[in-house]
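Engineer: Input structure: target_0.txt, which contains compact mmCIF, C-alpha atoms.
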# COMPACT_ATOMS: atom_id res chain seq x y z
CA MET A 123 -13.43 45.45 24.55
CA ILE A 124 -15.95 45.43 21.70
CA TRP A 125 -13.26 46.67 19.31
CA LEU A 126 -11.15 43.59 20.13
CA ARG A 127 -14.00 41.24 19.23
CA SER A 128 -14.19 42.73 15.73
CA VAL A 129 -10.46 42.20 15.23
CA ILE A 130 -10.56 38.61 16.44
CA SER A 131 -13.63 37.71 14.40
CA ALA A 132 -12.46 39.40 11.20
CA PRO A 133 -12.95 37.21 8.13
CA ARG A 134 -9.96 35.11 7.16
CA ARG A 135 -8.45 36.18 3.87
CA SER A 136 -5.92 33.44 3.23
CA THR A 137 -5.35 32.75 -0.40
CA ALA A 138 -3.10 30.39 -2.24
CA GLN A 139 -0.76 33.31 -2.86
CA SER A 140 -0.65 34.36 0.82
CA LEU A 141 -0.03 30.77 1.92
CA LEU A 142 2.79 30.46 -0.63
CA ALA A 143 4.32 33.69 0.68
CA ALA A 144 4.01 32.41 4.26
CA THR A 145 5.69 29.15 3.27
CA PHE A 146 8.52 31.00 1.54
CA PHE A 147 8.97 33.23 4.62
CA ALA A 148 9.04 30.19 6.91
CA ILE A 149 11.68 28.55 4.72
CA GLN A 150 13.80 31.71 4.72
CA LEU A 151 13.59 31.98 8.51
CA GLY A 152 14.36 28.31 8.93
CA VAL A 153 17.42 28.46 6.69
CA ALA A 154 18.69 31.65 8.35
CA ALA A 155 18.17 30.22 11.85
CA ALA A 156 19.82 26.92 10.93
CA GLY A 157 22.76 28.68 9.30
CA VAL A 158 23.35 30.93 12.28
CA SER A 159 22.99 27.99 14.67
CA ILE A 160 25.56 25.94 12.75
CA VAL A 161 28.09 28.78 12.78
CA TYR A 162 27.58 29.44 16.48
CA GLU A 163 27.84 25.75 17.31
CA ARG A 164 30.97 25.35 15.17
CA PHE A 165 32.76 28.16 17.00
CA ASP A 166 31.18 27.31 20.38
CA GLN A 167 29.93 30.86 20.93
CA PRO A 168 27.04 32.08 23.10
CA GLY A 169 24.34 34.41 21.82
CA VAL A 170 22.76 32.35 19.06
CA THR A 171 19.29 33.30 20.29
CA TRP A 172 19.95 37.00 19.69
CA ALA A 173 21.32 36.24 16.22
CA ILE A 174 18.15 34.34 15.34
CA VAL A 175 16.00 37.17 16.73
CA SER A 176 17.91 39.63 14.54
CA ALA A 177 17.33 37.44 11.48
CA ILE A 178 13.60 37.31 12.23
CA LEU A 179 13.34 41.06 12.73
CA VAL A 180 15.06 42.03 9.47
CA LEU A 181 13.42 39.61 7.03
CA TYR A 182 10.78 41.35 4.93
CA PRO A 183 9.19 40.44 1.63
CA GLY A 184 11.31 42.99 -0.23
CA ILE A 185 15.11 43.19 -0.20
CA THR A 186 15.01 46.99 0.14
CA GLN A 187 12.93 46.72 3.31
CA SER A 188 15.25 44.05 4.67
CA LEU A 189 18.36 46.11 3.97
CA SER A 190 16.84 49.15 5.66
CA ALA A 191 15.79 47.08 8.66
CA ALA A 192 19.24 45.48 8.92
CA PHE A 193 21.08 48.79 8.78
CA LEU A 194 18.71 50.36 11.31
CA ARG A 195 19.05 47.38 13.64
CA ILE A 196 22.84 47.41 13.44
CA ALA A 197 23.01 51.19 13.96
CA ALA A 198 20.61 51.05 16.90
CA ASN A 199 22.55 48.23 18.54
CA LEU A 200 25.84 50.04 18.02
CA MET A 201 24.42 53.18 19.61
CA GLY A 202 22.66 51.42 22.50
CA SER A 203 25.63 49.16 23.20
CA ALA A 204 28.08 52.06 23.14
CA ILE A 205 25.96 54.13 25.52
CA GLY A 206 25.37 51.16 27.83
CA PHE A 207 29.08 50.37 27.83
CA GLY A 208 30.08 53.99 28.42
CA VAL A 209 27.63 54.68 31.22
CA GLY A 210 28.20 51.26 32.78
CA SER A 211 31.97 51.69 32.71
CA LEU A 212 31.83 55.15 34.24
CA THR A 213 29.07 54.79 36.81
CA GLY A 214 28.15 51.13 37.28
CA THR A 215 25.31 48.90 36.16
CA HIS A 216 22.62 49.20 38.81
CA THR A 217 19.05 50.35 38.26
CA ALA A 218 19.73 54.09 38.54
CA GLU A 219 22.60 53.85 36.06
CA ILE A 220 20.48 51.83 33.63
CA VAL A 221 17.75 54.48 33.81
CA LEU A 222 20.37 57.17 33.13
CA ALA A 223 21.73 55.20 30.18
CA LEU A 224 18.21 54.76 28.79
CA ALA A 225 17.58 58.50 29.03
CA ILE A 226 20.84 59.20 27.19
CA THR A 227 19.97 56.58 24.57
CA ILE A 228 16.58 58.19 23.98
CA TYR A 229 18.05 61.69 23.62
CA VAL A 230 20.87 60.56 21.33
CA GLY A 231 18.38 58.53 19.29
CA GLU A 232 16.17 61.58 18.97
CA LEU A 233 19.10 63.74 17.87
CA LEU A 234 20.06 61.11 15.27
CA ARG A 235 16.40 60.75 14.19
CA MET A 236 16.39 57.02 14.84
CA ASP A 237 12.66 56.91 15.52
CA LEU A 238 12.08 53.48 14.04
CA ALA A 239 15.00 51.92 15.89
CA LEU A 240 14.84 53.72 19.22
CA ARG A 241 13.28 50.79 21.08
CA THR A 242 15.96 48.48 19.70
CA ALA A 243 18.66 50.87 20.94
CA CYS A 244 17.06 50.93 24.40
CA VAL A 245 16.92 47.14 24.50
CA ALA A 246 20.61 46.96 23.55
CA THR A 247 21.45 49.42 26.33
CA VAL A 248 19.66 47.31 28.95
CA ILE A 249 21.13 44.04 27.67
CA VAL A 250 24.68 45.38 27.70
CA MET A 251 24.31 46.72 31.23
CA SER A 252 22.58 43.72 32.75
CA ALA A 253 23.63 40.49 30.97
CA ASN A 254 26.63 38.24 31.64
CA ASP A 255 26.89 39.24 35.30
CA HIS A 256 27.42 42.87 34.21
CA ASN A 257 30.52 42.02 32.16
CA LEU A 258 30.19 44.96 29.77
CA THR A 259 32.98 44.07 27.34
CA LEU A 260 31.78 40.50 26.87
CA THR A 261 28.16 41.55 26.45
CA VAL A 262 28.95 44.27 23.89
CA PHE A 263 30.98 41.78 21.86
CA GLU A 264 28.26 39.12 22.04
CA ARG A 265 25.48 41.59 21.25
CA LEU A 266 27.12 43.19 18.23
CA THR A 267 28.33 39.87 16.86
CA ALA A 268 24.87 38.32 17.21
CA VAL A 269 23.15 41.26 15.54
CA ALA A 270 25.63 41.31 12.66
CA MET A 271 25.40 37.52 12.22
CA GLY A 272 21.61 37.48 12.30
CA CYS A 273 21.21 40.41 9.94
CA GLY A 274 23.86 39.03 7.62
CA ALA A 275 22.31 35.56 7.54
CA ALA A 276 18.87 36.97 6.82
CA LEU A 277 20.16 39.11 3.96
CA VAL A 278 22.22 36.26 2.45
CA VAL A 279 19.22 33.92 2.59
CA GLN A 280 16.96 36.55 1.09
CA LEU A 281 19.41 37.40 -1.70
CA ALA A 282 19.89 33.72 -2.50
CA GLY A 283 16.16 33.20 -2.84
CA TRP A 284 15.29 36.53 -4.40
CA PRO A 285 13.81 36.17 -7.88
The structure in this file should be written as structure tokens.
Structural biologist:
Amino acid sequence: MIWLRSVISAPRRSTAQSLLAATFFAIQLGVAAAGVSIVYERFDQPGVTWAIVSAILVLYPGITQSLSAAFLRIAANLMGSAIGFGVGSLTGTHTAEIVLALAITIYVGELLRMDLALRTACVATVIVMSANDHNLTLTVFERLTAVAMGCGAALVVQLAGWP
């Protein structure tokens, strides 16, 4: 555990510029989360937490990074949700079926070279097969809507504040 001590006790390198960047990031996240929350509340829809998580995961300092992250996240959720829905509809949604769906998700992700988004696809598969009392159709709709809303809100906020 000696290696952990060196990481924890590393000298702090905060500068005025890094604190300004952190403040700007916090404002972006706050605006994206508030915007998503208002839309979800207005239409009385569940899943706002997943939309906010998506916004957090796709915001990066650069718009190119954010766009790449958003497209990868959407693609991974589409793939994982589709596989979870397909396997769940055909075989059920118990533990063995979830394990099968995860294996399929991993192989399809490998074939599509989705290395950076494979974990996201696996999470989507598990969520679709286990949330909402195993109501696959409802969960797919909620999942994909939340991911699209969160990614969209993050990109709109970033574009609006991008110098």
Engineer: Excluding A:Thr217 and any residue of its chain fewer than 5 positions from it, enumerate the residues within 12 Å of it, using only C-alpha atoms, and give them as JSON, numbers by chain.
Structural biologist: {"A": [209, 210, 222, 223, 224, 248, 251, 252, 256]}
Engineer: Skip A:Gly208 itself and residues of its chain fewer than 6 positions away, then list as a compact mmCIF listing (two decimals) with C-alpha atoms, in the coordinates of the input all residues within 12 Å of it, counting only C-alpha atoms.
Structural biologist:
# COMPACT_ATOMS: atom_id res chain seq x y z
CA LEU A 200 25.84 50.04 18.02
CA MET A 201 24.42 53.18 19.61
CA GLY A 202 22.66 51.42 22.50
CA GLY A 214 28.15 51.13 37.28
CA THR A 215 25.31 48.90 36.16
CA GLU A 219 22.60 53.85 36.06
CA ILE A 220 20.48 51.83 33.63
CA LEU A 222 20.37 57.17 33.13
CA ALA A 223 21.73 55.20 30.18
CA LEU A 224 18.21 54.76 28.79
CA ILE A 226 20.84 59.20 27.19
CA THR A 227 19.97 56.58 24.57
CA THR A 247 21.45 49.42 26.33
CA VAL A 250 24.68 45.38 27.70
CA MET A 251 24.31 46.72 31.23
CA LEU A 258 30.19 44.96 29.77
CA THR A 259 32.98 44.07 27.34
CA VAL A 262 28.95 44.27 23.89
Engineer: Within 12 Å of A:Phe147, counting only C-alpha atoms, which residues qualify if same-chain residues fewer than 5 places away don't, as an NGL selection string?
Structural biologist: :A and (140-142 or 152-154 or 177-178 or 180-184 or 276 or 279-280 or 283-284)
Engineer: Can you work out the spacing between atom CA of A:Leu277 and atom CA of A:Ile249 in Å, to one decimal?
Structural biologist: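 Here the two named atoms are 24.2 Å from each other.
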Engineer: Might I get the box with edges along x, y and z of the file that holds all atoms of stretch 277-283 of chain A listed there, padded by 6 Å on every side, given as centre and edge lengths in Å to one decimal, as JSON?
Structural biologist:
{"center_x": 19.2, "center_y": 36.2, "center_z": 0.6, "size_x": 18.1, "size_y": 17.9, "size_z": 18.8}
Engineer: For A:Asn199, which residue out of A:Thr242, A:Gln167, A:Thr186, A:Thr213 is the nearest one, using only C-alpha atoms?
Structural biologist: A:Thr242
Engineer: Quick check, in Å to one decimal: how far apart do atom CA of A:Ile149 and atom CA of A:Arg265 lie?
Structural biologist: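 According to the coordinates, atom CA of A:Ile149 and atom CA of A:Arg265 are separated by 25.2 Å.
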